[in-house]
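Shown below: query_27.txt, with compact mmCIF, N, CA and C atoms and all ligand atoms.
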# COMPACT_ATOMS: atom_id res chain seq x y z
N MET A 1 -4.02 -7.09 40.54
CA MET A 1 -3.90 -7.20 39.09
C MET A 1 -5.22 -7.55 38.44
N ASP A 2 -5.53 -6.83 37.45
CA ASP A 2 -6.75 -6.97 36.69
C ASP A 2 -6.74 -8.16 35.74
N GLU A 3 -7.89 -8.69 35.51
CA GLU A 3 -8.01 -9.73 34.48
C GLU A 3 -8.37 -9.06 33.16
N SER A 4 -7.48 -8.26 32.65
CA SER A 4 -7.82 -7.52 31.43
C SER A 4 -7.15 -8.13 30.19
N VAL A 5 -7.16 -9.43 30.18
CA VAL A 5 -6.59 -10.10 29.01
C VAL A 5 -7.52 -9.90 27.82
N VAL A 6 -6.98 -9.40 26.78
CA VAL A 6 -7.79 -9.16 25.59
C VAL A 6 -7.68 -10.36 24.65
N ASP A 7 -8.81 -10.88 24.35
CA ASP A 7 -8.83 -11.98 23.40
C ASP A 7 -8.97 -11.41 22.00
N ASP A 8 -7.90 -11.46 21.24
CA ASP A 8 -7.96 -10.89 19.91
C ASP A 8 -8.12 -11.94 18.82
N ALA A 9 -8.65 -13.07 19.21
CA ALA A 9 -8.79 -14.15 18.23
C ALA A 9 -9.65 -13.73 17.04
N GLY A 10 -10.55 -12.78 17.28
CA GLY A 10 -11.42 -12.36 16.19
C GLY A 10 -10.79 -11.33 15.28
N MET A 11 -9.57 -10.93 15.60
CA MET A 11 -8.93 -9.86 14.84
C MET A 11 -7.83 -10.39 13.93
N ASN A 12 -8.12 -11.45 13.25
CA ASN A 12 -7.12 -12.02 12.35
C ASN A 12 -6.78 -11.04 11.24
N GLU A 13 -5.56 -11.10 10.82
CA GLU A 13 -5.17 -10.29 9.67
C GLU A 13 -5.91 -10.79 8.45
N VAL A 14 -6.07 -9.89 7.53
CA VAL A 14 -6.68 -10.28 6.26
C VAL A 14 -5.81 -11.38 5.66
N GLY A 15 -6.45 -12.40 5.19
CA GLY A 15 -5.72 -13.55 4.69
C GLY A 15 -4.71 -13.19 3.61
N MET A 16 -3.47 -13.51 3.86
CA MET A 16 -2.43 -13.23 2.89
C MET A 16 -1.89 -14.54 2.33
N GLY A 17 -2.68 -15.56 2.40
CA GLY A 17 -2.21 -16.86 1.94
C GLY A 17 -2.27 -16.98 0.43
N GLU A 18 -2.23 -18.18 -0.02
CA GLU A 18 -2.20 -18.45 -1.45
C GLU A 18 -3.36 -17.81 -2.20
N GLY A 19 -4.52 -17.72 -1.49
CA GLY A 19 -5.71 -17.26 -2.19
C GLY A 19 -5.78 -15.75 -2.38
N ALA A 20 -4.88 -15.01 -1.72
CA ALA A 20 -4.97 -13.56 -1.78
C ALA A 20 -4.69 -13.09 -3.20
N ARG A 21 -5.59 -12.34 -3.75
CA ARG A 21 -5.43 -11.86 -5.12
C ARG A 21 -4.97 -10.42 -5.10
N TYR A 22 -4.20 -10.06 -6.09
CA TYR A 22 -3.78 -8.67 -6.19
C TYR A 22 -3.78 -8.24 -7.65
N VAL A 23 -3.76 -6.95 -7.82
CA VAL A 23 -3.62 -6.38 -9.16
C VAL A 23 -2.30 -5.62 -9.18
N ASP A 24 -1.88 -5.15 -10.33
CA ASP A 24 -0.61 -4.42 -10.33
C ASP A 24 -0.86 -2.93 -10.08
N GLY A 25 0.24 -2.20 -9.92
CA GLY A 25 0.13 -0.80 -9.53
C GLY A 25 -0.64 0.04 -10.52
N ASN A 26 -0.62 -0.36 -11.79
CA ASN A 26 -1.34 0.43 -12.79
C ASN A 26 -2.82 0.52 -12.48
N ALA A 27 -3.35 -0.56 -11.90
CA ALA A 27 -4.77 -0.60 -11.59
C ALA A 27 -5.13 0.37 -10.47
N ALA A 28 -4.13 0.73 -9.67
CA ALA A 28 -4.38 1.62 -8.54
C ALA A 28 -3.98 3.05 -8.86
N ALA A 29 -3.45 3.26 -10.06
CA ALA A 29 -2.85 4.56 -10.38
C ALA A 29 -3.85 5.70 -10.25
N GLY A 30 -5.10 5.45 -10.59
CA GLY A 30 -6.09 6.52 -10.54
C GLY A 30 -6.31 7.04 -9.14
N ALA A 31 -6.43 6.11 -8.19
CA ALA A 31 -6.67 6.52 -6.80
C ALA A 31 -5.48 7.29 -6.25
N PHE A 32 -4.27 6.85 -6.65
CA PHE A 32 -3.08 7.53 -6.16
C PHE A 32 -2.87 8.87 -6.86
N ALA A 33 -3.22 8.93 -8.13
CA ALA A 33 -3.10 10.20 -8.85
C ALA A 33 -4.00 11.25 -8.21
N GLU A 34 -5.16 10.81 -7.76
CA GLU A 34 -6.07 11.74 -7.11
C GLU A 34 -5.45 12.28 -5.82
N ALA A 35 -4.81 11.39 -5.06
CA ALA A 35 -4.23 11.80 -3.79
C ALA A 35 -3.00 12.68 -3.98
N PHE A 36 -2.14 12.32 -4.93
CA PHE A 36 -0.88 13.04 -5.12
C PHE A 36 -1.03 14.23 -6.06
N GLY A 37 -2.09 14.23 -6.84
CA GLY A 37 -2.27 15.31 -7.80
C GLY A 37 -1.41 15.14 -9.03
N THR A 38 -0.82 13.97 -9.18
CA THR A 38 -0.01 13.70 -10.36
C THR A 38 0.03 12.20 -10.59
N GLU A 39 0.39 11.84 -11.78
CA GLU A 39 0.48 10.43 -12.14
C GLU A 39 1.66 9.78 -11.39
N VAL A 40 1.42 8.63 -10.76
CA VAL A 40 2.50 8.03 -9.95
C VAL A 40 2.97 6.68 -10.46
N SER A 41 2.35 6.14 -11.51
CA SER A 41 2.77 4.78 -11.87
C SER A 41 4.21 4.69 -12.34
N ALA A 42 4.77 5.80 -12.82
CA ALA A 42 6.17 5.78 -13.23
C ALA A 42 7.12 6.14 -12.08
N SER A 43 6.56 6.36 -10.88
CA SER A 43 7.42 6.68 -9.73
C SER A 43 8.24 5.50 -9.31
N THR A 44 9.35 5.80 -8.66
CA THR A 44 10.19 4.76 -8.09
C THR A 44 10.06 4.83 -6.57
N LEU A 45 9.73 3.69 -5.97
CA LEU A 45 9.62 3.61 -4.52
C LEU A 45 10.77 2.79 -3.98
N THR A 46 11.28 3.21 -2.84
CA THR A 46 12.25 2.38 -2.15
C THR A 46 11.55 1.78 -0.95
N CYS A 47 11.59 0.46 -0.86
CA CYS A 47 10.89 -0.27 0.18
C CYS A 47 11.60 -0.09 1.52
N ALA A 48 10.83 0.22 2.56
CA ALA A 48 11.42 0.36 3.89
C ALA A 48 11.75 -1.01 4.48
N GLY A 49 11.16 -2.04 3.93
CA GLY A 49 11.40 -3.38 4.47
C GLY A 49 12.70 -3.98 3.96
N CYS A 50 12.87 -4.02 2.64
CA CYS A 50 14.04 -4.70 2.07
C CYS A 50 15.01 -3.75 1.40
N GLY A 51 14.63 -2.48 1.26
CA GLY A 51 15.54 -1.49 0.69
C GLY A 51 15.64 -1.53 -0.82
N ARG A 52 14.86 -2.38 -1.47
CA ARG A 52 14.94 -2.44 -2.92
C ARG A 52 14.03 -1.39 -3.53
N ALA A 53 14.49 -0.83 -4.63
CA ALA A 53 13.72 0.20 -5.33
C ALA A 53 13.04 -0.43 -6.53
N GLY A 54 11.87 0.06 -6.84
CA GLY A 54 11.17 -0.44 -8.00
C GLY A 54 10.03 0.49 -8.35
N ARG A 55 9.47 0.26 -9.50
CA ARG A 55 8.40 1.13 -9.98
C ARG A 55 7.11 0.90 -9.20
N PHE A 56 6.37 1.97 -9.04
CA PHE A 56 5.06 1.85 -8.40
C PHE A 56 4.20 0.85 -9.16
N ALA A 57 4.31 0.89 -10.48
CA ALA A 57 3.48 0.02 -11.31
C ALA A 57 3.71 -1.47 -11.02
N ASP A 58 4.86 -1.80 -10.43
CA ASP A 58 5.17 -3.19 -10.14
C ASP A 58 4.74 -3.63 -8.74
N ARG A 59 4.21 -2.71 -7.96
CA ARG A 59 3.72 -3.10 -6.62
C ARG A 59 2.57 -4.08 -6.78
N HIS A 60 2.37 -4.88 -5.78
CA HIS A 60 1.21 -5.77 -5.74
C HIS A 60 0.12 -5.06 -4.95
N VAL A 61 -0.96 -4.74 -5.61
CA VAL A 61 -2.01 -3.95 -4.99
C VAL A 61 -3.17 -4.85 -4.58
N TYR A 62 -3.52 -4.73 -3.31
CA TYR A 62 -4.66 -5.46 -2.76
C TYR A 62 -5.73 -4.44 -2.48
N ASP A 63 -6.85 -4.57 -3.17
CA ASP A 63 -7.86 -3.52 -3.05
C ASP A 63 -9.17 -4.04 -2.50
N ARG A 64 -9.14 -5.18 -1.85
CA ARG A 64 -10.39 -5.73 -1.34
C ARG A 64 -10.66 -5.36 0.11
N GLY A 65 -9.66 -4.88 0.82
CA GLY A 65 -9.84 -4.53 2.23
C GLY A 65 -10.42 -3.14 2.33
N PRO A 66 -10.44 -2.61 3.55
CA PRO A 66 -10.77 -1.19 3.66
C PRO A 66 -9.63 -0.42 3.03
N GLY A 67 -9.90 0.28 1.98
CA GLY A 67 -8.84 1.00 1.29
C GLY A 67 -8.03 0.09 0.41
N MET A 68 -6.85 0.53 0.11
CA MET A 68 -6.01 -0.11 -0.89
C MET A 68 -4.60 -0.21 -0.32
N VAL A 69 -4.00 -1.38 -0.51
CA VAL A 69 -2.65 -1.59 0.01
C VAL A 69 -1.74 -1.96 -1.16
N ALA A 70 -0.60 -1.29 -1.26
CA ALA A 70 0.38 -1.64 -2.29
C ALA A 70 1.60 -2.24 -1.59
N ARG A 71 1.87 -3.49 -1.94
CA ARG A 71 2.96 -4.22 -1.28
C ARG A 71 4.18 -4.34 -2.17
N CYS A 72 5.33 -4.46 -1.54
CA CYS A 72 6.59 -4.68 -2.24
C CYS A 72 6.54 -6.05 -2.94
N PRO A 73 6.89 -6.08 -4.23
CA PRO A 73 6.85 -7.37 -4.93
C PRO A 73 7.98 -8.30 -4.50
N TYR A 74 8.97 -7.78 -3.79
CA TYR A 74 10.12 -8.59 -3.38
C TYR A 74 9.92 -9.20 -1.99
N CYS A 75 9.51 -8.36 -1.03
CA CYS A 75 9.45 -8.87 0.35
C CYS A 75 8.04 -8.84 0.94
N GLY A 76 7.09 -8.22 0.26
CA GLY A 76 5.72 -8.22 0.76
C GLY A 76 5.41 -7.10 1.74
N GLU A 77 6.38 -6.26 2.05
CA GLU A 77 6.14 -5.12 2.94
C GLU A 77 5.02 -4.24 2.36
N VAL A 78 4.16 -3.71 3.22
CA VAL A 78 3.15 -2.76 2.77
C VAL A 78 3.84 -1.41 2.55
N ASN A 79 4.04 -1.03 1.31
CA ASN A 79 4.73 0.23 0.99
C ASN A 79 3.81 1.43 1.18
N VAL A 80 2.55 1.23 0.90
CA VAL A 80 1.61 2.34 1.04
C VAL A 80 0.20 1.80 1.26
N HIS A 81 -0.53 2.50 2.10
CA HIS A 81 -1.91 2.16 2.40
C HIS A 81 -2.73 3.41 2.15
N LEU A 82 -3.73 3.28 1.33
CA LEU A 82 -4.57 4.43 0.97
C LEU A 82 -6.02 4.11 1.33
N VAL A 83 -6.63 5.02 2.03
CA VAL A 83 -8.05 4.88 2.35
C VAL A 83 -8.75 6.15 1.91
N ARG A 84 -9.80 5.98 1.15
CA ARG A 84 -10.56 7.13 0.65
C ARG A 84 -11.88 7.17 1.38
N THR A 85 -12.20 8.33 1.92
CA THR A 85 -13.52 8.56 2.51
C THR A 85 -14.23 9.54 1.58
N PRO A 86 -15.49 9.82 1.83
CA PRO A 86 -16.17 10.78 0.93
C PRO A 86 -15.50 12.15 0.92
N THR A 87 -14.76 12.50 1.97
CA THR A 87 -14.20 13.85 2.03
C THR A 87 -12.68 13.89 2.02
N ASP A 88 -12.01 12.78 2.26
CA ASP A 88 -10.55 12.81 2.42
C ASP A 88 -9.90 11.56 1.84
N VAL A 89 -8.61 11.68 1.64
CA VAL A 89 -7.79 10.52 1.32
C VAL A 89 -6.74 10.40 2.42
N TRP A 90 -6.64 9.22 3.03
CA TRP A 90 -5.63 8.96 4.05
C TRP A 90 -4.52 8.15 3.40
N LEU A 91 -3.29 8.58 3.63
CA LEU A 91 -2.15 7.85 3.10
C LEU A 91 -1.23 7.46 4.23
N ASP A 92 -0.86 6.21 4.27
CA ASP A 92 0.13 5.72 5.23
C ASP A 92 1.32 5.25 4.40
N LEU A 93 2.40 6.01 4.46
CA LEU A 93 3.56 5.74 3.60
C LEU A 93 4.75 5.19 4.38
N ARG A 94 4.51 4.71 5.59
CA ARG A 94 5.66 4.35 6.42
C ARG A 94 6.45 3.15 5.87
N GLY A 95 5.82 2.40 4.97
CA GLY A 95 6.52 1.24 4.42
C GLY A 95 7.44 1.54 3.25
N SER A 96 7.52 2.81 2.88
CA SER A 96 8.45 3.15 1.81
C SER A 96 9.39 4.23 2.32
N SER A 97 10.67 4.02 2.13
CA SER A 97 11.63 5.00 2.65
C SER A 97 11.75 6.20 1.73
N SER A 98 11.40 6.03 0.47
CA SER A 98 11.35 7.20 -0.42
C SER A 98 10.45 6.94 -1.62
N TRP A 99 9.98 8.04 -2.20
CA TRP A 99 9.23 8.02 -3.45
C TRP A 99 9.92 9.00 -4.37
N ARG A 100 10.20 8.57 -5.55
CA ARG A 100 10.74 9.48 -6.54
C ARG A 100 9.70 9.61 -7.64
N ILE A 101 9.11 10.79 -7.72
CA ILE A 101 7.98 11.02 -8.62
C ILE A 101 8.44 11.92 -9.76
N PRO A 102 8.42 11.41 -10.99
CA PRO A 102 8.85 12.25 -12.11
C PRO A 102 7.93 13.45 -12.28
N LEU A 103 8.49 14.59 -12.54
CA LEU A 103 7.69 15.78 -12.80
C LEU A 103 7.18 15.72 -14.23
N SER A 104 5.92 16.04 -14.37
CA SER A 104 5.38 16.01 -15.72
C SER A 104 5.63 17.34 -16.40
N GLY A 105 5.68 17.30 -17.70
CA GLY A 105 5.82 18.54 -18.46
C GLY A 105 7.25 18.90 -18.79
ZN ZN A 201 10.56 -4.87 0.06

Show me, as structure tokens, the structure contained in the file I just sent.
Amino acid sequence: MDESVVDDAGMNEVGMGEGARYVDGNAAAGAFAEAFGTEVSASTLTCAGCGRAGRFADRHVYDRGPGMVARCPYCGEVNVHLVRTPTDVWLDLRGSSSWRIPLSG
């Protein structure tokens, strides 16, 4: 048996304590509009964590990490993670069981 114990002490999660600051979904709407090709702040998301539905604009958005994270205002689940590179936008939507996006026009 190998001594391949990995010490992950240096890999702490980004602090989510009292000091963590967030903005509301409206502040992130531009980045998401770019990715989706449409305005999303009026969308309704259903959280995969607690099952509650609510407006994108009411998500708690943390934009200080790599990319942008929008969390459920009820349970704190990460509903969506967006990372923008110079050439692409990466979206991780596993924290939301559905998105209902109103069609414009
Ligand atoms: Zn939730």

Show me which residues are within 6 Å of ligand ZN 201 (chain A) counting all atoms listed in the file, and format the list as a PDB file with N, CA and C atoms, in the frame of the given file.
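The resulting file, selection18.pdb, is shown below:
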ATOM      1  N   CYS A  47      11.590   0.460  -0.860  1.00  0.00           N
ATOM      2  CA  CYS A  47      10.890  -0.270   0.180  1.00  0.00           C
ATOM      3  C   CYS A  47      11.600  -0.090   1.520  1.00  0.00           C
ATOM      4  N   ALA A  48      10.830   0.220   2.560  1.00  0.00           N
ATOM      5  CA  ALA A  48      11.420   0.360   3.890  1.00  0.00           C
ATOM      6  C   ALA A  48      11.750  -1.010   4.480  1.00  0.00           C
ATOM      7  N   GLY A  49      11.160  -2.040   3.930  1.00  0.00           N
ATOM      8  CA  GLY A  49      11.400  -3.380   4.470  1.00  0.00           C
ATOM      9  C   GLY A  49      12.700  -3.980   3.960  1.00  0.00           C
ATOM     10  N   CYS A  50      12.870  -4.020   2.640  1.00  0.00           N
ATOM     11  CA  CYS A  50      14.040  -4.700   2.070  1.00  0.00           C
ATOM     12  C   CYS A  50      15.010  -3.750   1.400  1.00  0.00           C
ATOM     13  N   GLY A  51      14.630  -2.480   1.260  1.00  0.00           N
ATOM     14  CA  GLY A  51      15.540  -1.490   0.690  1.00  0.00           C
ATOM     15  C   GLY A  51      15.640  -1.530  -0.820  1.00  0.00           C
ATOM     16  N   ARG A  52      14.860  -2.380  -1.470  1.00  0.00           N
ATOM     17  CA  ARG A  52      14.940  -2.440  -2.920  1.00  0.00           C
ATOM     18  C   ARG A  52      14.030  -1.390  -3.530  1.00  0.00           C
ATOM     19  N   CYS A  72       5.330  -4.460  -1.540  1.00  0.00           N
ATOM     20  CA  CYS A  72       6.590  -4.680  -2.240  1.00  0.00           C
ATOM     21  C   CYS A  72       6.540  -6.050  -2.940  1.00  0.00           C
ATOM     22  N   PRO A  73       6.890  -6.080  -4.230  1.00  0.00           N
ATOM     23  CA  PRO A  73       6.850  -7.370  -4.930  1.00  0.00           C
ATOM     24  C   PRO A  73       7.980  -8.300  -4.500  1.00  0.00           C
ATOM     25  N   TYR A  74       8.970  -7.780  -3.790  1.00  0.00           N
ATOM     26  CA  TYR A  74      10.120  -8.590  -3.380  1.00  0.00           C
ATOM     27  C   TYR A  74       9.920  -9.200  -1.990  1.00  0.00           C
ATOM     28  N   CYS A  75       9.510  -8.360  -1.030  1.00  0.00           N
ATOM     29  CA  CYS A  75       9.450  -8.870   0.350  1.00  0.00           C
ATOM     30  C   CYS A  75       8.040  -8.840   0.940  1.00  0.00           C
ATOM     31  N   GLY A  76       7.090  -8.220   0.260  1.00  0.00           N
ATOM     32  CA  GLY A  76       5.720  -8.220   0.760  1.00  0.00           C
ATOM     33  C   GLY A  76       5.410  -7.100   1.740  1.00  0.00           C
ATOM     34  N   GLU A  77       6.380  -6.260   2.050  1.00  0.00           N
ATOM     35  CA  GLU A  77       6.140  -5.120   2.940  1.00  0.00           C
ATOM     36  C   GLU A  77       5.020  -4.240   2.360  1.00  0.00           C
TER      37      GLU A  77
END

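Nearest residue to Tyr22 in chain A among A:Leu91, A:Ala70, A:Ala42, A:Val61 is A:Val61, counting all atoms listed in the file.
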
request  = Would you list the contacts of range 62-67 of chain A as a list in words, taking every protein, DNA or RNA residue within 6 Å and counting all atoms listed in the file, but skipping same-chain residues closer than 5 positions in sequence?
outcome  = Arg21, Tyr22, Val23, Leu82, Val83 and Arg84 of chain A

Write the residues of the preceding selection, restricted to N, CA and C atoms, as a tab-separated table (two decimals), in the frame of the given file.
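Resulting contents of part_9.tsv:
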chain	number	residue	atom	x	y	z
A	21	ARG	N	-5.59	-12.34	-3.75
A	21	ARG	CA	-5.43	-11.86	-5.12
A	21	ARG	C	-4.97	-10.42	-5.10
A	22	TYR	N	-4.20	-10.06	-6.09
A	22	TYR	CA	-3.78	-8.67	-6.19
A	22	TYR	C	-3.78	-8.24	-7.65
A	23	VAL	N	-3.76	-6.95	-7.82
A	23	VAL	CA	-3.62	-6.38	-9.16
A	23	VAL	C	-2.30	-5.62	-9.18
A	82	LEU	N	-3.73	3.28	1.33
A	82	LEU	CA	-4.57	4.43	0.97
A	82	LEU	C	-6.02	4.11	1.33
A	83	VAL	N	-6.63	5.02	2.03
A	83	VAL	CA	-8.05	4.88	2.35
A	83	VAL	C	-8.75	6.15	1.91
A	84	ARG	N	-9.80	5.98	1.15
A	84	ARG	CA	-10.56	7.13	0.65
A	84	ARG	C	-11.88	7.17	1.38

query = Any idea what the distance is between atom N of Asp58 in chain A and atom C of Ser43 in chain A?
reply = 8.1 Å

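Once Leu93 in chain A and its same-chain neighbours fewer than 3 positions away are set aside, Asn79, Val80, His81, Ser96 and Ser97 of chain A remain within 6.5 Å of it when counting all atoms listed in the file.
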
query = What is the distance between atom N of Arg59 in chain A and CA of Asp88 in chain A, in Å to one decimal?
reply = 23.8 Å
